[in-house]
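These notes concern the structure reproduced below.
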Amino acid sequence: IDLINDARAPFAKHQWASAPLLAGTPQPLDAKPVINPADPADTVGTVANTSPADIETALSNAAPWDASPEERAKVLNKVADLYEENFGELFALLAREAGKIWIDEVAELREAVDFLRYYAANAPETPPVGVFTCIAPWNFPLAIFTGQMAAALAAGNAVLSKPAEQTPLIAHFAVSLMHKAGVPKHVLQLLPGGGDIGAALTSDPRVGGVAFTGSTATAMKIRKAMAENLAPGAPLIAETGGLNAMIVDSTALPEQAVAAIVESAFQSAGQRCSALRCLYVQDDIAEPFLKMLKGAMDALSIGAPWDISTDCGPVIDETARKGIADHIQQARAEGRLLHELKTPNSGTYIAPSLIKVDGIDQMKREIFGPVLHVATFGSEELDKVIDTINATGYGLTFGLMTRIDDRVQHVTERVNAGNMYVNRNQIGAIVGSQPFGGEGLSGTGPKAGGPHYLARFSAAPASQ
Ligand code: ADP
């Protein structure tokens with residue numbers, strides 16, 4: 001524990017400032033503060049916002065990576081080395097800017113490094129698309145941010161990178177390490193800012209393709225902007241939201257199921273696109289099972305991300321907090337709030353809660369926080385439950401807890417979901433062997449960290 005806390009020591013010490021990471025003349029800084037979600041009095045640093053002139057500079061200077069696949073792989077492996085060497089600084093930024101607890105910091109760094117090494121090992125010979133815009137979310141501000149760029153760079157593209165507006169500082173530090181490792185500045189440029197910058201970077205005909213992770217609604221806007229402005233056939237690789245369910249039948253091992261549910265719904269304060277949102281429990285075990293689940297929730301520690309004992313940190317910002325709090329308040333008013341923990345007084349915290357629903361069809365949208373919705377089903381209703389889950393149109397993750405072998409096959413064959421988890425927590429993927437990605441409204445595919453992903457970052461072979 002001392003080792004981990006020592007490594008995160010920069011947390012207490014410095015303020016980060018992001019200078020422009022653009023090729024060509026740096027623009028004057030238009031600095032904006034970045035606030036720690038767990039402590040409104042703490043300014044983590046300042047970010048240089050991108051101006052329209054910066055976008056023009058970046059687009060006119062962007063040039064694909066003139067290096068062999070072997071050279072690109074060497075540089076990307078060097079980036080991975082630098083990430084590993086700078087883990088203390090990265091952990092500190094993940095805690096202070098994104099509210100991540102240490103177990104999530106470790107997992108996130110691991111995933112980022114795995115993406116870098118996997119795409120480096122598979123760097124293709126094929127020609128690049130040209131200029132790729134990569135737009136990242138705040139919930140995995142290192143892993144997803146790095147994964148998109150690592151794939152685009154491994155294939156030799158120039159990258160215009162736009163991090164989420166909530167997490168520009170870790171993006172800045174990561175891109176500085178990429179430049180230090182040898183990715184040329186005209187190949188990788190960072191353009192921090194909000195949706196307007198994202199919109200500009202996805203509607204310029206000089207952009208050849210887009211990698212995006214975020215909401216389904218934004219992905220649809222981007223698809224439209226690309227269709228109107230980019231060359232026909234320009235690839236959009238989108239990973240979007242989910243409405244993820246788990247079915248627990250009466251043969252499931254309750255201790256195993258409860259532990260897995262707590263992690264799946266509440267780890268990372270529920271801010272994972274894979275997180276469990278709606279739990280279906282078979283009615284004949286529902287009462288004792290939910291009692292056990294509430295007991296396990298009561299043991300969670302909610303508090304500051306930098307405390308080693310914390311299980312559940314803050315949500316990303318006040319807008320997120322308010323949206324989730326309103327949803328809980330509505331459930332309370334309707335008498336559907338089954339359980340709720342206590343929330344710390346300052347910072348953007350939301351305490352884990354359980355909300356009763358008739359089914360996943362009652363959820364109108366993804367609630368991106370530590371809120372688990374619970375429904376029950378009768379022994380004859382399993383297929384109906386599966387139909388309801390499929391009818392949401394999303395298809396990201398799905399979980400099943402059962403000890404009936406035939407049921408595993410029956411259910412997993414029928415549910416539409418990119419990643420399925422049986423008798424375990426509904427979390428995670430393994431770069432290379434168990435890639436991650438959804439179906440339907442949850443994404444375009446191919447799955448990140450899988451064999452077909454890199455191919456989308458190369459130019460399609462000319463048709464005869
Ligand atoms: P979230 O709900 O996770 O914040 P968003 O889809 O709003 O999801 O944001 C994901 C990323 O998309 C962020 O980097 C955000 O700035 C960017 N973004 C938002 N609106 C647009 C847009 N119209 N065009 C391109 N990017 C956008």
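Order determines the names: the first chain of the structure tokens is A, the second B, and so forth; residues in each chain are numbered 1 upward, and ligands are numbered 1 upward as they are shown.
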
Rows by chain and residue number, chain A within 8 Å of ligand 1, shortest pair, only C-alpha atoms and all ligand atoms, as a Markdown table:
| residue | atom | partner | partner_atom_place_in_ligand_line | distance |
| --- | --- | --- | --- | --- |
| A:Ile135 | CA | ligand 1 | 14 (O) | 5.2 |
| A:Ala136 | CA | ligand 1 | 14 (O) | 4.8 |
| A:Pro137 | CA | ligand 1 | 10 (C) | 4.6 |
| A:Trp138 | CA | ligand 1 | 3 (O) | 6.5 |
| A:Asn139 | CA | ligand 1 | 3 (O) | 7.1 |
| A:Lys162 | CA | ligand 1 | 14 (O) | 6.1 |
| A:Pro163 | CA | ligand 1 | 14 (O) | 5.1 |
| A:Ala164 | CA | ligand 1 | 14 (O) | 3.5 |
| A:Glu165 | CA | ligand 1 | 16 (O) | 5.7 |
| A:Gly193 | CA | ligand 1 | 16 (O) | 6.6 |
| A:Gly194 | CA | ligand 1 | 16 (O) | 4.1 |
| A:Gly195 | CA | ligand 1 | 20 (N) | 3.5 |
| A:Asp196 | CA | ligand 1 | 22 (C) | 6.2 |
| A:Ile197 | CA | ligand 1 | 25 (C) | 6.9 |
| A:Gly198 | CA | ligand 1 | 25 (C) | 3.5 |
| A:Ala199 | CA | ligand 1 | 24 (N) | 3.6 |
| A:Ala200 | CA | ligand 1 | 24 (N) | 7.3 |
| A:Leu201 | CA | ligand 1 | 25 (C) | 7.2 |
| A:Thr202 | CA | ligand 1 | 25 (C) | 6.3 |
| A:Phe212 | CA | ligand 1 | 12 (O) | 7.1 |
| A:Thr213 | CA | ligand 1 | 10 (C) | 6.1 |
| A:Gly214 | CA | ligand 1 | 10 (C) | 3.9 |
| A:Ser215 | CA | ligand 1 | 6 (O) | 3.8 |
| A:Thr216 | CA | ligand 1 | 6 (O) | 6.8 |
| A:Ala217 | CA | ligand 1 | 6 (O) | 6.6 |
| A:Thr218 | CA | ligand 1 | 6 (O) | 4.5 |
| A:Ala219 | CA | ligand 1 | 6 (O) | 6.8 |
| A:Lys221 | CA | ligand 1 | 23 (N) | 5.7 |
| A:Ile222 | CA | ligand 1 | 24 (N) | 5.4 |
| A:Thr240 | CA | ligand 1 | 6 (O) | 7.9 |

At a cut-off of 9 Å, using only C-alpha atoms, what residues contact Phe368 in chain A? Leave out same-chain residues fewer than 2 positions from it and give the result as a list in words.
Ala269, Gly270, Gln271, Arg272, Cys273, Ala275, Arg277, Val315, Ala320, Ile324, Glu366, Pro370 and Val371 of chain A

As a PyMOL selection string, please: every residue in range 99-203 of chain A that a backbone DSSP assignment puts in strand (DSSP E or B).
chain A and resi 128+131-135+158-162+188-190

Which residue gives the smallest distance to Gly242 in chain A among A:Ala112, A:Ala171, A:Leu441, A:Met401, with only C-alpha atoms counted?
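Between A:Ala112, A:Ala171, A:Leu441, A:Met401, the residue approaching Gly242 in chain A most closely is A:Leu441.
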
Separation of CA of Ser60 in chain A and CA of Pro232 in chain A, in Å?
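Distance between the two atoms: 21.2 Å.
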
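Here CA of Ala331 in chain A stands at a distance of 9.3 Å from CA of Val357 in chain A.
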
I'd like to know which residues of range 118-265 of chain A are alpha helix (DSSP H) (by DSSP, run on the backbone); could you write them as a ChimeraX atom specification?
/A:118-121,143-154,168-181,195-201,216-229,254-265

Do you have, as JSON lines, the list of residues of range 209-288 of chain A lying at most 7 Å from range 412-426 of chain A, each with its nearest atom pair and that distance in Å to one decimal, counting only C-alpha atoms and ordered by chain then number?
{"residue": "A:Ala260", "atom": "CA", "partner": "A:Asn425", "partner_atom": "CA", "distance": 4.2}
{"residue": "A:Ile261", "atom": "CA", "partner": "A:Asn425", "partner_atom": "CA", "distance": 6.5}
{"residue": "A:Glu263", "atom": "CA", "partner": "A:Asn425", "partner_atom": "CA", "distance": 6.6}
{"residue": "A:Ser264", "atom": "CA", "partner": "A:Gln426", "partner_atom": "CA", "distance": 5.2}
{"residue": "A:Ala275", "atom": "CA", "partner": "A:Gln426", "partner_atom": "CA", "distance": 7.0}
{"residue": "A:Leu276", "atom": "CA", "partner": "A:Gln426", "partner_atom": "CA", "distance": 6.9}
